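Listing of model26.cif, mmCIF, C-alpha atoms
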```cif
data_work
#
loop_
_atom_site.label_atom_id
_atom_site.label_comp_id
_atom_site.auth_asym_id
_atom_site.auth_seq_id
_atom_site.Cartn_x
_atom_site.Cartn_y
_atom_site.Cartn_z
CA MET D 1 106.93 85.62 106.96
CA GLY D 2 109.97 84.93 104.79
CA ASP D 3 110.52 85.96 101.19
CA PRO D 4 107.99 83.96 99.08
CA LEU D 5 110.31 84.18 96.07
CA LEU D 6 113.28 82.56 97.84
CA TRP D 7 113.65 78.82 98.52
CA ARG D 8 116.30 77.36 100.80
CA ALA D 9 117.09 73.73 101.53
CA GLY D 10 115.16 72.65 104.59
CA SER D 11 112.36 75.19 104.08
CA GLY D 12 110.12 72.75 102.22
CA ASP D 13 109.88 70.67 99.07
CA LEU D 14 111.52 72.39 96.07
CA ALA D 15 108.99 71.07 93.53
CA THR D 16 106.13 72.38 95.68
CA TRP D 17 107.80 75.81 95.91
CA LEU D 18 108.44 75.89 92.16
CA GLY D 19 104.79 75.05 91.51
CA GLY D 20 103.61 77.85 93.78
CA VAL D 21 105.90 80.41 92.15
CA GLN D 22 104.75 79.21 88.72
CA ARG D 23 101.14 79.90 89.65
CA LEU D 24 102.01 83.37 90.98
CA LEU D 25 104.35 84.58 88.23
CA LEU D 26 103.80 82.41 85.18
CA GLY D 27 100.41 80.69 85.17
CA GLU D 28 99.62 77.29 83.73
CA ALA D 29 100.76 77.91 80.15
CA VAL D 30 104.41 77.07 80.81
CA ALA D 31 106.03 75.16 77.96
CA GLY D 32 109.05 74.13 80.03
CA TYR D 33 112.23 75.40 81.63
CA THR D 34 115.71 75.92 80.17
CA VAL D 35 118.73 75.63 82.49
CA ARG D 36 121.96 77.36 81.53
CA SER D 37 125.35 77.29 83.20
CA GLY D 38 128.29 79.65 83.14
CA PRO D 39 128.48 83.45 83.09
CA VAL D 40 125.29 85.47 82.86
CA PHE D 41 126.98 88.37 81.05
CA PRO D 42 127.97 89.02 78.31
CA ASP D 43 126.66 85.59 77.25
CA TYR D 44 124.18 83.39 79.03
CA GLY D 45 126.25 80.23 79.19
CA ASP D 46 125.48 76.81 77.75
CA VAL D 47 122.13 75.02 77.83
CA ILE D 48 122.63 72.03 80.12
CA HIS D 49 119.07 70.86 80.67
CA GLN D 50 115.51 71.20 79.34
CA ALA D 51 112.89 70.52 82.01
CA ALA D 52 109.33 69.72 80.99
CA ASP D 53 107.75 70.72 84.32
CA THR D 54 108.51 71.78 87.89
CA GLY D 55 109.02 68.19 89.07
CA ASP D 56 111.64 67.55 86.39
CA LEU D 57 113.30 70.88 87.18
CA ALA D 58 113.37 70.18 90.93
CA ARG D 59 115.00 66.78 90.42
CA PHE D 60 117.67 68.24 88.15
CA LEU D 61 118.50 71.12 90.52
CA ALA D 62 118.66 68.77 93.49
CA GLY D 63 121.11 66.61 91.55
CA ARG D 64 123.30 69.68 91.00
CA GLY D 65 123.42 70.38 94.73
CA VAL D 66 121.31 73.54 94.64
CA GLU D 67 120.58 74.70 98.20
CA ALA D 68 118.96 78.10 97.50
CA LEU D 69 116.95 79.34 94.52
CA ARG D 70 115.48 82.78 93.91
CA ALA D 71 112.75 83.78 91.47
CA THR D 72 113.50 87.15 89.89
CA THR D 73 111.59 89.49 87.61
CA ARG D 74 112.86 92.26 85.35
CA ARG D 75 111.84 94.26 82.32
CA GLY D 76 111.33 92.27 79.16
CA ALA D 77 111.76 93.11 75.51
CA ARG D 78 108.16 94.29 75.35
CA GLN D 79 106.35 96.48 77.82
CA ASP D 80 103.65 93.94 78.67
CA GLU D 81 106.00 90.93 78.94
CA PRO D 82 108.21 91.16 82.06
CA ALA D 83 110.91 88.49 82.19
CA VAL D 84 110.91 85.82 84.92
CA GLU D 85 114.03 83.81 85.79
CA TYR D 86 115.35 81.63 88.60
CA LEU D 87 118.89 82.19 89.85
CA VAL D 88 120.84 79.92 92.20
CA GLU D 89 121.82 81.94 95.27
CA GLY D 90 125.52 82.17 95.99
CA ARG D 91 126.75 81.02 92.59
CA THR D 92 128.40 83.38 90.14
CA GLY D 93 130.72 83.14 87.16
CA ALA D 94 131.39 79.67 85.80
CA GLY D 95 129.40 78.03 88.61
CA ALA D 96 126.21 80.03 88.01
CA LEU D 97 122.94 78.38 87.07
CA ARG D 98 120.15 80.29 85.36
CA VAL D 99 116.66 78.93 84.74
CA THR D 100 114.40 80.54 82.14
CA PRO D 101 110.75 79.49 81.69
CA SER D 102 109.08 79.55 78.29
CA GLY D 103 105.45 80.21 77.45
CA GLU D 104 102.96 83.00 78.08
CA ARG D 105 102.99 85.00 81.30
CA ALA D 106 99.59 84.57 82.92
CA GLY D 107 100.30 84.27 86.64
CA SER D 108 97.83 85.27 89.32
CA VAL D 109 99.97 88.31 90.26
CA ARG D 110 100.30 90.94 87.55
CA LEU D 111 103.91 92.00 87.18
CA HIS D 112 102.91 94.79 84.80
CA ALA D 113 99.86 97.04 84.55
CA PRO D 114 98.68 100.31 83.03
CA VAL D 115 98.26 103.14 85.55
CA THR D 116 95.73 105.90 84.93
CA SER D 117 95.48 107.29 88.48
CA PRO D 118 97.11 106.94 91.91
CA ALA D 119 94.16 104.71 92.88
CA ALA D 120 95.01 102.27 90.08
CA LEU D 121 98.63 102.19 91.25
CA ALA D 122 97.55 101.56 94.87
CA ASP D 123 95.42 98.63 93.73
CA TRP D 124 98.32 97.12 91.74
CA LEU D 125 100.73 97.50 94.67
CA HIS D 126 98.26 95.76 96.98
CA ARG D 127 97.93 92.87 94.53
CA LEU D 128 101.70 92.29 94.75
CA SER D 129 101.26 91.15 98.37
CA PRO D 130 101.61 87.40 97.65
CA LEU D 131 105.16 88.11 96.43
CA LEU D 132 106.21 90.07 99.52
CA PRO D 133 107.13 89.10 103.09
CA VAL D 134 104.99 92.04 104.34
CA PRO D 135 101.75 92.68 102.42
CA VAL D 136 100.95 96.11 101.00
CA PRO D 137 97.62 97.18 102.55
CA ARG D 138 94.71 98.52 100.53
CA ARG D 139 95.03 102.29 100.38
CA SER D 140 92.47 104.90 99.34
CA TRP D 141 94.52 107.00 96.95
CA SER D 142 93.26 109.69 94.63
CA ALA D 143 91.21 108.56 91.63
CA THR D 144 92.08 111.78 89.78
CA PRO D 145 93.13 110.77 86.24
CA LEU D 146 96.77 111.38 85.38
CA ALA D 147 97.61 113.81 82.61
CA GLU D 148 99.31 110.91 80.82
CA PRO D 149 98.75 107.16 81.43
CA LEU D 150 101.76 105.24 82.69
CA ALA D 151 102.93 101.63 82.78
CA VAL D 152 104.23 100.06 85.99
CA THR D 153 106.44 96.96 86.20
CA LEU D 154 107.88 95.01 89.14
CA HIS D 155 111.60 94.22 89.14
CA HIS D 156 112.29 91.79 92.00
CA ARG D 157 115.92 91.00 92.83
CA ALA D 158 117.87 89.63 95.78
CA GLY D 159 116.71 91.69 98.74
CA THR D 160 115.54 94.56 96.54
CA VAL D 161 112.29 95.52 94.86
CA LEU D 162 112.20 98.03 92.02
CA VAL D 163 108.91 99.53 90.88
CA ALA D 164 109.43 101.15 87.47
CA LEU D 165 106.96 103.66 86.05
CA GLU D 166 107.30 104.81 82.46
CA SER D 167 105.23 106.20 79.61
CA LEU D 168 102.57 103.74 78.52
CA ASP D 169 102.98 102.36 75.02
CA THR D 170 99.73 103.18 73.24
CA GLY D 171 100.66 101.81 69.84
CA PRO D 172 98.65 99.14 68.03
CA GLY D 173 98.63 95.59 69.41
CA THR D 174 99.16 94.38 72.95
CA GLY D 175 102.27 96.11 74.20
CA GLY D 176 105.26 97.27 72.24
CA VAL D 177 108.90 98.19 72.49
CA ARG D 178 109.51 100.00 75.74
CA PRO D 179 109.85 103.78 75.67
CA SER D 180 113.37 104.99 76.36
CA ASP D 181 112.45 107.29 79.24
CA ASP D 182 112.07 105.93 82.77
CA ARG D 183 109.58 108.23 84.42
CA LEU D 184 110.11 107.12 87.99
CA LEU D 185 111.99 104.30 89.70
CA VAL D 186 111.23 103.27 93.29
CA THR D 187 113.92 101.24 95.08
CA SER D 188 112.80 99.45 98.22
CA ARG D 189 113.30 96.43 100.41
CA PRO D 190 110.49 93.89 100.10
CA ARG D 191 109.46 94.47 103.71
CA ALA D 192 109.23 98.25 103.29
CA LEU D 193 107.45 98.64 99.95
CA ALA D 194 104.27 100.08 101.48
CA GLU D 195 106.21 102.78 103.37
CA ASP D 196 108.54 103.61 100.49
CA THR D 197 105.71 104.19 98.00
CA ALA D 198 103.62 106.50 100.23
CA LEU D 199 104.56 109.62 98.23
CA LEU D 200 102.95 108.13 95.11
CA ALA D 201 99.49 108.83 96.55
CA SER D 202 99.69 112.28 94.95
CA PRO D 203 99.16 112.76 91.20
CA ALA D 204 101.94 115.37 91.40
CA ALA D 205 104.42 112.59 92.19
CA LEU D 206 103.47 110.63 89.08
CA GLU D 207 103.29 113.43 86.53
CA ARG D 208 105.74 115.72 84.81
CA ARG D 209 104.51 119.24 85.51
CA ARG D 210 105.39 122.20 83.30
CA VAL D 211 106.70 125.06 85.43
CA GLY D 212 107.34 128.59 84.21
CA THR D 213 107.24 130.61 87.45
CA GLY D 214 108.05 130.24 91.11
CA GLY D 215 104.30 129.94 91.69
CA ASP D 216 104.03 126.95 89.35
CA LEU D 217 106.90 125.20 91.08
CA GLY D 218 105.56 126.06 94.52
CA GLN D 219 102.13 124.64 93.73
CA TRP D 220 103.75 121.39 92.56
CA LEU D 221 105.81 121.11 95.75
CA ALA D 222 102.73 121.86 97.85
CA ALA D 223 100.83 119.10 96.06
CA LEU D 224 103.61 116.60 96.82
CA ASP D 225 103.41 116.77 100.60
CA GLY D 226 100.23 118.71 101.31
CA ALA D 227 102.13 121.00 103.67
CA THR D 228 104.55 123.14 101.68
CA PRO D 229 102.95 126.60 101.35
CA ALA D 230 102.84 127.82 97.76
CA PRO D 231 104.50 131.23 97.24
CA THR D 232 102.36 134.31 96.78
CA GLY D 233 102.82 137.81 95.43
CA ARG D 234 106.11 138.71 93.79
CA ALA D 235 107.69 135.32 94.51
CA ALA D 236 104.85 133.53 92.73
CA ARG D 237 105.16 135.77 89.66
CA ALA D 238 108.95 135.42 89.40
CA ALA D 239 109.77 133.77 86.10
CA LEU D 240 112.20 130.88 86.01
CA PRO D 241 115.26 131.63 83.86
CA ARG D 242 114.52 129.12 81.11
CA THR D 243 111.40 128.18 79.19
CA GLY D 244 110.07 124.67 78.71
CA MET D 245 111.03 123.53 82.22
CA ARG D 246 109.38 120.52 83.85
CA ALA D 247 109.30 119.24 87.41
CA GLN D 248 109.06 115.58 88.35
CA VAL D 249 109.86 113.03 91.02
CA TRP D 250 112.62 111.05 89.31
CA ARG D 251 113.63 108.50 91.95
CA ILE D 252 112.49 107.31 95.36
CA GLU D 253 115.28 105.38 97.07
CA HIS D 254 114.18 103.59 100.25
CA GLY D 255 111.59 106.29 100.90
CA THR D 256 113.83 109.28 100.04
CA PRO D 257 112.66 111.21 96.96
CA LEU D 258 114.90 112.75 94.32
CA LEU D 259 113.26 115.66 92.51
CA MET D 260 114.37 116.86 89.07
CA ILE D 261 113.58 120.26 87.54
CA GLY D 262 114.82 121.30 84.11
CA ARG D 263 114.39 120.83 80.38
CA ALA D 264 114.50 117.56 78.50
CA GLY D 265 117.99 117.20 77.08
CA GLY D 266 119.18 120.30 78.93
CA PRO D 267 120.68 121.15 82.32
CA GLU D 268 118.62 119.91 85.25
CA VAL D 269 118.64 120.64 88.96
CA MET D 270 118.15 117.71 91.31
CA ALA D 271 117.14 117.91 94.97
CA ARG D 272 117.13 115.03 97.43
CA GLY D 273 116.05 114.74 101.04
CA PRO D 274 113.81 113.02 103.59
CA VAL D 275 110.16 112.88 102.61
CA ASP D 276 109.01 114.05 106.05
CA THR D 277 110.97 117.32 105.73
CA LEU D 278 110.32 117.94 102.04
CA GLN D 279 109.07 121.46 102.79
CA ALA D 280 112.45 122.47 104.25
CA TRP D 281 114.96 121.07 101.76
CA SER D 282 112.89 121.76 98.62
CA ARG D 283 112.26 125.44 99.40
CA PRO D 284 115.47 126.65 97.62
CA LEU D 285 114.02 125.34 94.34
CA LEU D 286 111.66 128.34 94.33
CA SER D 287 114.58 130.72 93.73
CA PRO D 288 115.26 131.59 90.07
CA ALA D 289 119.00 131.80 90.89
CA VAL D 290 119.09 128.06 91.62
CA HIS D 291 117.92 127.33 88.07
CA GLY D 292 120.07 129.96 86.32
CA ARG D 293 123.69 130.92 85.89
CA ALA D 294 125.82 134.01 86.31
CA ALA D 295 125.13 136.63 83.66
CA ALA D 296 128.81 136.41 82.65
CA PRO D 297 131.81 134.41 83.96
CA THR D 298 133.49 137.48 85.45
CA ARG D 299 134.54 137.68 89.07
CA ARG D 300 131.83 140.20 89.94
CA ARG D 301 129.03 138.39 88.14
CA LEU D 302 130.07 135.00 89.50
CA ALA D 303 130.21 136.35 93.06
CA ALA D 304 126.74 137.91 92.72
CA TRP D 305 125.25 134.65 91.43
CA LEU D 306 126.97 132.56 94.12
CA ARG D 307 125.59 134.86 96.83
CA ALA D 308 122.10 134.52 95.40
CA VAL D 309 122.44 130.73 95.46
CA GLU D 310 123.80 130.54 99.01
CA GLU D 311 121.12 132.92 100.27
CA ALA D 312 118.40 130.75 98.65
CA VAL D 313 119.87 127.47 99.91
CA PHE D 314 121.30 128.39 103.33
CA GLY D 315 119.83 131.79 104.12
CA GLY D 316 123.35 133.19 104.49
CA PRO D 317 127.02 132.79 103.53
CA ALA D 318 128.48 129.49 102.36
CA ALA D 319 131.88 127.83 102.60
CA TRP D 320 132.89 126.33 99.24
CA SER D 321 135.08 123.26 98.72
CA PHE D 322 136.51 122.60 95.27
CA GLY D 323 139.19 120.62 93.47
CA ASP D 324 142.38 120.15 95.46
CA ALA D 325 141.89 123.26 97.60
CA PRO D 326 143.22 122.43 101.09
CA ALA D 327 140.30 124.10 102.87
CA PRO D 328 136.90 125.62 102.08
CA VAL D 329 136.92 129.20 100.81
CA GLY D 330 134.51 132.09 100.86
CA THR D 331 132.32 133.25 97.99
CA ASP D 332 134.66 135.97 96.72
CA ASP D 333 137.65 133.61 96.66
CA LEU D 334 135.69 130.99 94.74
CA ALA D 335 134.56 133.62 92.23
CA VAL D 336 138.19 134.66 91.70
CA SER D 337 139.26 131.04 91.08
CA LEU D 338 136.43 130.43 88.61
CA SER D 339 137.07 133.67 86.70
CA ARG D 340 140.78 132.86 86.21
CA ALA D 341 140.15 129.75 84.11
CA ALA D 342 141.67 129.75 80.63
CA ASP D 343 138.11 129.40 79.33
CA PRO D 344 135.92 130.88 82.10
CA ARG D 345 132.38 129.50 82.28
CA ALA D 346 129.32 130.24 84.32
CA PRO D 347 128.50 127.17 86.44
CA GLY D 348 125.02 126.06 87.44
CA VAL D 349 123.47 124.24 90.37
CA ASP D 350 123.58 120.48 89.97
CA ARG D 351 122.20 119.02 93.22
CA LEU D 352 120.60 120.18 96.42
CA ALA D 353 120.46 118.20 99.64
CA PRO D 354 119.87 119.20 103.25
CA GLY D 355 122.90 121.28 104.20
CA SER D 356 124.70 121.19 100.85
CA VAL D 357 124.66 122.32 97.23
CA THR D 358 126.87 121.08 94.39
CA LEU D 359 127.64 122.90 91.15
CA ARG D 360 128.15 121.62 87.62
CA GLY D 361 130.27 123.12 84.88
CA ALA D 362 132.76 124.80 87.24
CA VAL D 363 136.24 125.41 85.79
CA THR D 364 139.38 126.89 87.38
CA ALA D 365 142.88 127.43 86.03
CA ALA D 366 143.55 123.77 86.86
CA GLY D 367 140.60 122.60 84.74
CA PRO D 368 137.10 121.31 85.53
CA VAL D 369 136.42 120.89 89.25
CA GLY D 370 133.65 119.67 91.49
CA VAL D 371 132.31 122.39 93.79
CA THR D 372 130.30 121.81 96.97
CA GLY D 373 128.87 124.49 99.22
CA ARG D 374 127.87 124.18 102.88
CA PRO D 375 126.75 126.74 105.44
CA ALA D 376 129.65 128.92 106.58
CA PRO D 377 130.66 128.28 110.21
#
```
Show the structure stored in the file as structure tokens.
Amino acid sequence: MGDPLLWRAGSGDLATWLGGVQRLLLGEAVAGYTVRSGPVFPDYGDVIHQAADTGDLARFLAGRGVEALRATTRRGARQDEPAVEYLVEGRTGAGALRVTPSGERAGSVRLHAPVTSPAALADWLHRLSPLLPVPVPRRSWSATPLAEPLAVTLHHRAGTVLVALESLDTGPGTGGVRPSDDRLLVTSRPRALAEDTALLASPAALERRRVGTGGDLGQWLAALDGATPAPTGRAARAALPRTGMRAQVWRIEHGTPLLMIGRAGGPEVMARGPVDTLQAWSRPLLSPAVHGRAAAPTRRRLAAWLRAVEEAVFGGPAAWSFGDAPAPVGTDDLAVSLSRAADPRAPGVDRLAPGSVTLRGAVTAAGPVGVTGRPAP
């Protein structure tokens, strides 16, 4: 099956396709269509036609030589009013055409919905099937209520589907101005949406969890994949170096999750890797050293902290690449370079990925530098 939201010349009657998309995305209460030409940013071009219905719109577009048209969806000004537009494929700049419908959004497929549990999200994803080349099957996800209700919205673009989850507006009236914090954004291809959203079956993937100890963080990781063993004993009691820390799944890009642990408005550690090996690449997050910094930006203190990080991430020594250094260096040499800065600072871990760790806030005598560590040969 092809993309239901893409029409190409020769694939059928344009007016029939427009009518079908209207029923799916817009409903019957469409007051008409506005066609604009010219750039789409920073202005939206000039209005060149007002179409009363899909037949009128189809005749106009055919007269302009349109051979491919895509229906797109994106976030609107209000949380419960996603925007729907039609863009002519292959035309940009001055030759672009942009079609905007007016009227209430009451299509048969809900582009936006409140989410109170993974089960509610699974039901919404399944109901998107008429918009996708490969349907999302019904899935029996957990009905456990989330700690905080969320709102989910579909953003459908050329070859890409974005599923955006954010805090649900609970103010008076039906919907309101969108919150400023994106909770979770899933990027997928339309054919792979079912596979790329599999991690969302767990409430732990949809919630921000407060974590104060290695045990808290380990329990969250274990809940994500059902396989990661939570730490016990001393490791479970080990306090993380900062208070008020939260753990969350921040992005899922084509099935690969990006985890974020830290404080709102403060430094955060991100970890990214394949979902089927989450247990392996997320294990270093249980180490307090990964979330802290050197006690002081001296050579000795920096070297001790770097060794703690490389032991947690690689289980042994690391080779560090930084700035314009011609070759990777050992831990002691990196500590020397960082301690010789005019204004020495204690760096922190920025990102973890299988086989690598990057630091933030590193400074040498030459100024700020990017630092990446990999297992020593």
Report the residues retrieved by the PyMOL selection byres ((chain D and resi 90-105) around 6) from the displayed file, expressed as a JSON list (two decimals) with C-alpha atoms, keeping the file's coordinate frame.
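And here is the file that came out, part.json:
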```
[["chain", "number", "residue", "atom", "x", "y", "z"],
["D", 26, "LEU", "CA", 103.80, 82.41, 85.18],
["D", 29, "ALA", "CA", 100.76, 77.91, 80.15],
["D", 30, "VAL", "CA", 104.41, 77.07, 80.81],
["D", 31, "ALA", "CA", 106.03, 75.16, 77.96],
["D", 32, "GLY", "CA", 109.05, 74.13, 80.03],
["D", 33, "TYR", "CA", 112.23, 75.40, 81.63],
["D", 34, "THR", "CA", 115.71, 75.92, 80.17],
["D", 35, "VAL", "CA", 118.73, 75.63, 82.49],
["D", 36, "ARG", "CA", 121.96, 77.36, 81.53],
["D", 37, "SER", "CA", 125.35, 77.29, 83.20],
["D", 38, "GLY", "CA", 128.29, 79.65, 83.14],
["D", 39, "PRO", "CA", 128.48, 83.45, 83.09],
["D", 85, "GLU", "CA", 114.03, 83.81, 85.79],
["D", 86, "TYR", "CA", 115.35, 81.63, 88.60],
["D", 87, "LEU", "CA", 118.89, 82.19, 89.85],
["D", 88, "VAL", "CA", 120.84, 79.92, 92.20],
["D", 89, "GLU", "CA", 121.82, 81.94, 95.27],
["D", 106, "ALA", "CA", 99.59, 84.57, 82.92]]
```
Shell around Ala335 in chain D at 9 Å using all atoms listed in the file, local window under 2 positions removed, as a ChimeraX atom specification: /D:297-304,306,330-333,337-340
Do you know which residues the PyMOL selection byres ((chain D and resi 322-329) around 8) returns on this file, as a VMD selection string? chain D and resid 319 to 321 330 to 331 333 to 334 369 to 372
With C-alpha atoms retained, write the just-selected residues as a PDB file, in the coordinates of the input.
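Final output, out-v1.pdb:
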```pdb
ATOM      1  CA  ALA D 319     131.880 127.830 102.600  1.00  0.00           C
ATOM      2  CA  TRP D 320     132.890 126.330  99.240  1.00  0.00           C
ATOM      3  CA  SER D 321     135.080 123.260  98.720  1.00  0.00           C
ATOM      4  CA  GLY D 330     134.510 132.090 100.860  1.00  0.00           C
ATOM      5  CA  THR D 331     132.320 133.250  97.990  1.00  0.00           C
ATOM      6  CA  ASP D 333     137.650 133.610  96.660  1.00  0.00           C
ATOM      7  CA  LEU D 334     135.690 130.990  94.740  1.00  0.00           C
ATOM      8  CA  VAL D 369     136.420 120.890  89.250  1.00  0.00           C
ATOM      9  CA  GLY D 370     133.650 119.670  91.490  1.00  0.00           C
ATOM     10  CA  VAL D 371     132.310 122.390  93.790  1.00  0.00           C
ATOM     11  CA  THR D 372     130.300 121.810  96.970  1.00  0.00           C
TER      12      THR D 372
END
```
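Distance check against Gly218 in chain D using only C-alpha atoms: of D:Leu286, D:Leu199, D:Ala51, D:Ala247, the minimum falls on D:Leu286.
Here the question is which of D:Thr153, D:Ser202, D:Ser282, D:Thr187 gets nearest to Thr256 in chain D using all atoms listed in the file, and that residue is D:Thr187.
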Evaluate the PyMOL selection byres ((chain D and resi 231-235) around 7) and report residues as a PyMOL selection string: chain D and resi 214-215+218+229-230+236-238
So which residues touch Leu128 in chain D within 12 Å, counting all atoms listed in the file, skipping near sequence neighbours fewer than 2 positions away, as a PDB file with C-alpha atoms, in the coordinates of the input?
```pdb
ATOM      1  CA  PRO D   4     107.990  83.960  99.080  1.00  0.00           C
ATOM      2  CA  LEU D   5     110.310  84.180  96.070  1.00  0.00           C
ATOM      3  CA  LEU D  24     102.010  83.370  90.980  1.00  0.00           C
ATOM      4  CA  LEU D  25     104.350  84.580  88.230  1.00  0.00           C
ATOM      5  CA  GLY D 107     100.300  84.270  86.640  1.00  0.00           C
ATOM      6  CA  SER D 108      97.830  85.270  89.320  1.00  0.00           C
ATOM      7  CA  VAL D 109      99.970  88.310  90.260  1.00  0.00           C
ATOM      8  CA  ARG D 110     100.300  90.940  87.550  1.00  0.00           C
ATOM      9  CA  LEU D 111     103.910  92.000  87.180  1.00  0.00           C
ATOM     10  CA  HIS D 112     102.910  94.790  84.800  1.00  0.00           C
ATOM     11  CA  ALA D 113      99.860  97.040  84.550  1.00  0.00           C
ATOM     12  CA  LEU D 121      98.630 102.190  91.250  1.00  0.00           C
ATOM     13  CA  ALA D 122      97.550 101.560  94.870  1.00  0.00           C
ATOM     14  CA  ASP D 123      95.420  98.630  93.730  1.00  0.00           C
ATOM     15  CA  TRP D 124      98.320  97.120  91.740  1.00  0.00           C
ATOM     16  CA  LEU D 125     100.730  97.500  94.670  1.00  0.00           C
ATOM     17  CA  HIS D 126      98.260  95.760  96.980  1.00  0.00           C
ATOM     18  CA  PRO D 130     101.610  87.400  97.650  1.00  0.00           C
ATOM     19  CA  LEU D 131     105.160  88.110  96.430  1.00  0.00           C
ATOM     20  CA  LEU D 132     106.210  90.070  99.520  1.00  0.00           C
ATOM     21  CA  PRO D 133     107.130  89.100 103.090  1.00  0.00           C
ATOM     22  CA  VAL D 134     104.990  92.040 104.340  1.00  0.00           C
ATOM     23  CA  PRO D 135     101.750  92.680 102.420  1.00  0.00           C
ATOM     24  CA  VAL D 136     100.950  96.110 101.000  1.00  0.00           C
ATOM     25  CA  PRO D 137      97.620  97.180 102.550  1.00  0.00           C
ATOM     26  CA  ARG D 138      94.710  98.520 100.530  1.00  0.00           C
ATOM     27  CA  VAL D 152     104.230 100.060  85.990  1.00  0.00           C
ATOM     28  CA  THR D 153     106.440  96.960  86.200  1.00  0.00           C
ATOM     29  CA  LEU D 154     107.880  95.010  89.140  1.00  0.00           C
ATOM     30  CA  HIS D 155     111.600  94.220  89.140  1.00  0.00           C
ATOM     31  CA  HIS D 156     112.290  91.790  92.000  1.00  0.00           C
ATOM     32  CA  VAL D 161     112.290  95.520  94.860  1.00  0.00           C
ATOM     33  CA  VAL D 163     108.910  99.530  90.880  1.00  0.00           C
ATOM     34  CA  PRO D 190     110.490  93.890 100.100  1.00  0.00           C
ATOM     35  CA  LEU D 193     107.450  98.640  99.950  1.00  0.00           C
ATOM     36  CA  ALA D 194     104.270 100.080 101.480  1.00  0.00           C
TER      37      ALA D 194
END
```
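Between CA of Gly373 in chain D and CA of Met245 in chain D the interatomic distance comes to 24.7 Å.
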For Ala151 in chain D, list every protein, DNA or RNA residue within 8 Å, evaluated using all atoms listed in the file, and leave out those in the same chain fewer than 3 positions away; present the list as a count of residues only. 10
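Every protein, DNA or RNA residue with an atom at most 7 Å from Trp7 in chain D, where only C-alpha atoms count and chain neighbours fewer than 6 positions away do not, is listed here: Ala68, Leu69 and Arg70 of chain D.
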Expressed in Å to a single decimal, how great is the separation between CA of Gly45 in chain D and CA of Gly19 in chain D? 25.3 Å
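Atom pair CA of Ser356 in chain D / CA of Trp281 in chain D: separated by 9.8 Å.
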Leaving out Arg251 in chain D and any residue of its chain fewer than 5 positions from it, which residues lie within 9 Å of it when counting only C-alpha atoms, given as a PyMOL selection string? chain D and resi 183-187+256-260
D:Arg139, D:Arg74, D:Arg64, D:Arg210: which is nearest Ala158 in chain D, counting only C-alpha atoms? D:Arg74
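Between Leu18 in chain D and the residues D:Ala376, D:Val47, D:Met270, D:Ala71, the shortest atom-to-atom distance, using all atoms listed in the file, involves D:Ala71.
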